[in-house]
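Novice: Before I ask anything, here is the structure I am working with.
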Amino acid sequence: MLDLEVVPERSLGNEQWEFALGMPLAQAISILQKHCRIIKNVQVLYSEQTPLSHDLILNLTQDGIKLLFDATNQRLKVIEVYDLSKVKLKYCGVHFNSQAIAPTIEQIDQSFGATHPGVYNAAEQLFHLNFRGLSFSFQLDSWNEAPKYEPNFALGLASLQIPHGAMVKRMHIYTGNNLQETRAPAMPLACFLGNIYAECVDVLRDRAGPLGLKLRLLTAGGCGPGVMADAKVRSLERSIYFGDSCQDVLGALGSPHKVFYKSEDKMKIHSPSPHKQVPSKCNDYFFNYFTLGVDILFDSTTHLVKKFVLHTNYPGHYNFNIYHRCDFKIPLVIKKEGTDSQTEDCILTTYSKWDQIQELLGHPMEKPVVLHRSSSANNTNPFGSTFCFGLQRMIFEVMQNNHIASVTLYGAPRTASQARPESSSSSH
């Protein structure tokens, strides 16, 4: 049985690990994987057709804990303990829930001190006792005596006097004073672990197509064990372009998490004359920046950038949880009907759906390429195929629920003698 410390408005954990509000989904899953012998039978719950309409949930069924992640930014928003019989809980080092200590209203009062009067929600048949960043829910039907409350309370809620011996049914940890209105906080310093994260990624382009990326980066230098008290998150802006060298990219973004060499080009068969292409003696290679949600492909001969891949990290995709979500914005140039020169500007984002994109850009002339991912060890993919469409020097990988899984940007790289655009210089 897990023995965990409750920190209101912050976290639930022990000396080995903690689930902290604002933690990225990938870090929480990493904790679960590392401690898989202790924390077992974890479910991932999400909406397959409308993944942005419901929180993404990690359900620790054996321990009675749910971790609710914001569907958009994929950071931890609420920690819910829904079965207190499966876990030990303490506050400031003192247990208020264990096999020997029942979580009664008297025990909660003793451990956490005075609070405002409780609130009864008739629709849920639950009574809520709220502290800042922490709430306890008691079930009404378990009480022997009728609750005493003032019925004329706003929005169907009532101020309630709790009967003695009432037991906690659920506990929530969140940010702020209101569980219904809470949002996932910014990522805590302790979660950076020496990595850089992308707050947003803007695609730079001209009339012909994409030119490169402008990334707003977040970093917390010196974070991790022994972090200094005055450490804080810093925001940086960096730009990279097609035709940039490896040194340009390393100078802007630092070392990648992984370098991946392409062993084969599965899209080669779709080129005009695949049989005429001379096999390369060496392979193109990717810089994988997992916490940015970005891959950068370099030409094996010139070692210059030739493609960018932006990942949306939707659940239900084969690559889910390999990359953090890239929150990108792509400006589109759309010619107005009946005019030669007039254009209209629109913005495509991580959350745009394929039917919306087609309405703006028009339907592709060619049929989509069907992409079926699978590993070499296991030739199965439970999520099914995706479909790749090419428009305006961009390839959109579309999932079966109409969401975009990734966007690949490509363009004519500059020669080494051409200067980088002035806007590529970034503040330090």
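Ordering of the structure tokens sets the chain letters (A, B, ...); residue numbers start at 1 within each chain; ligands are numbered from 1 in the order shown.
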Can you pull out the residues contacting Pro8 (chain A)? Cut-off 7 Å, using only C-alpha atoms, and skip same-chain residues under 5 positions away; I want them as a PyMOL selection string.

Specialist: chain A and resi 133-134+173

Novice: Show which residues sit within 9 Å of His372 (chain A), as a PyMOL selection string. Count only C-alpha atoms, and ignore same-chain residues fewer than 3 positions away.

Specialist: chain A and resi 381+384-387

Novice: Considering only C-alpha atoms, state which residue in the set A:Ala405, A:Met394, A:Leu58, A:Ile65 is at the smallest distance from Phe320 (chain A).

Specialist: A:Ala405

Novice: Quote the spacing between CA of Tyr82 (chain A) and CA of Gln49 (chain A) in Å to one decimal place.

Specialist: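 Between CA of Tyr82 (chain A) and CA of Gln49 (chain A) the gap is 26.3 Å.
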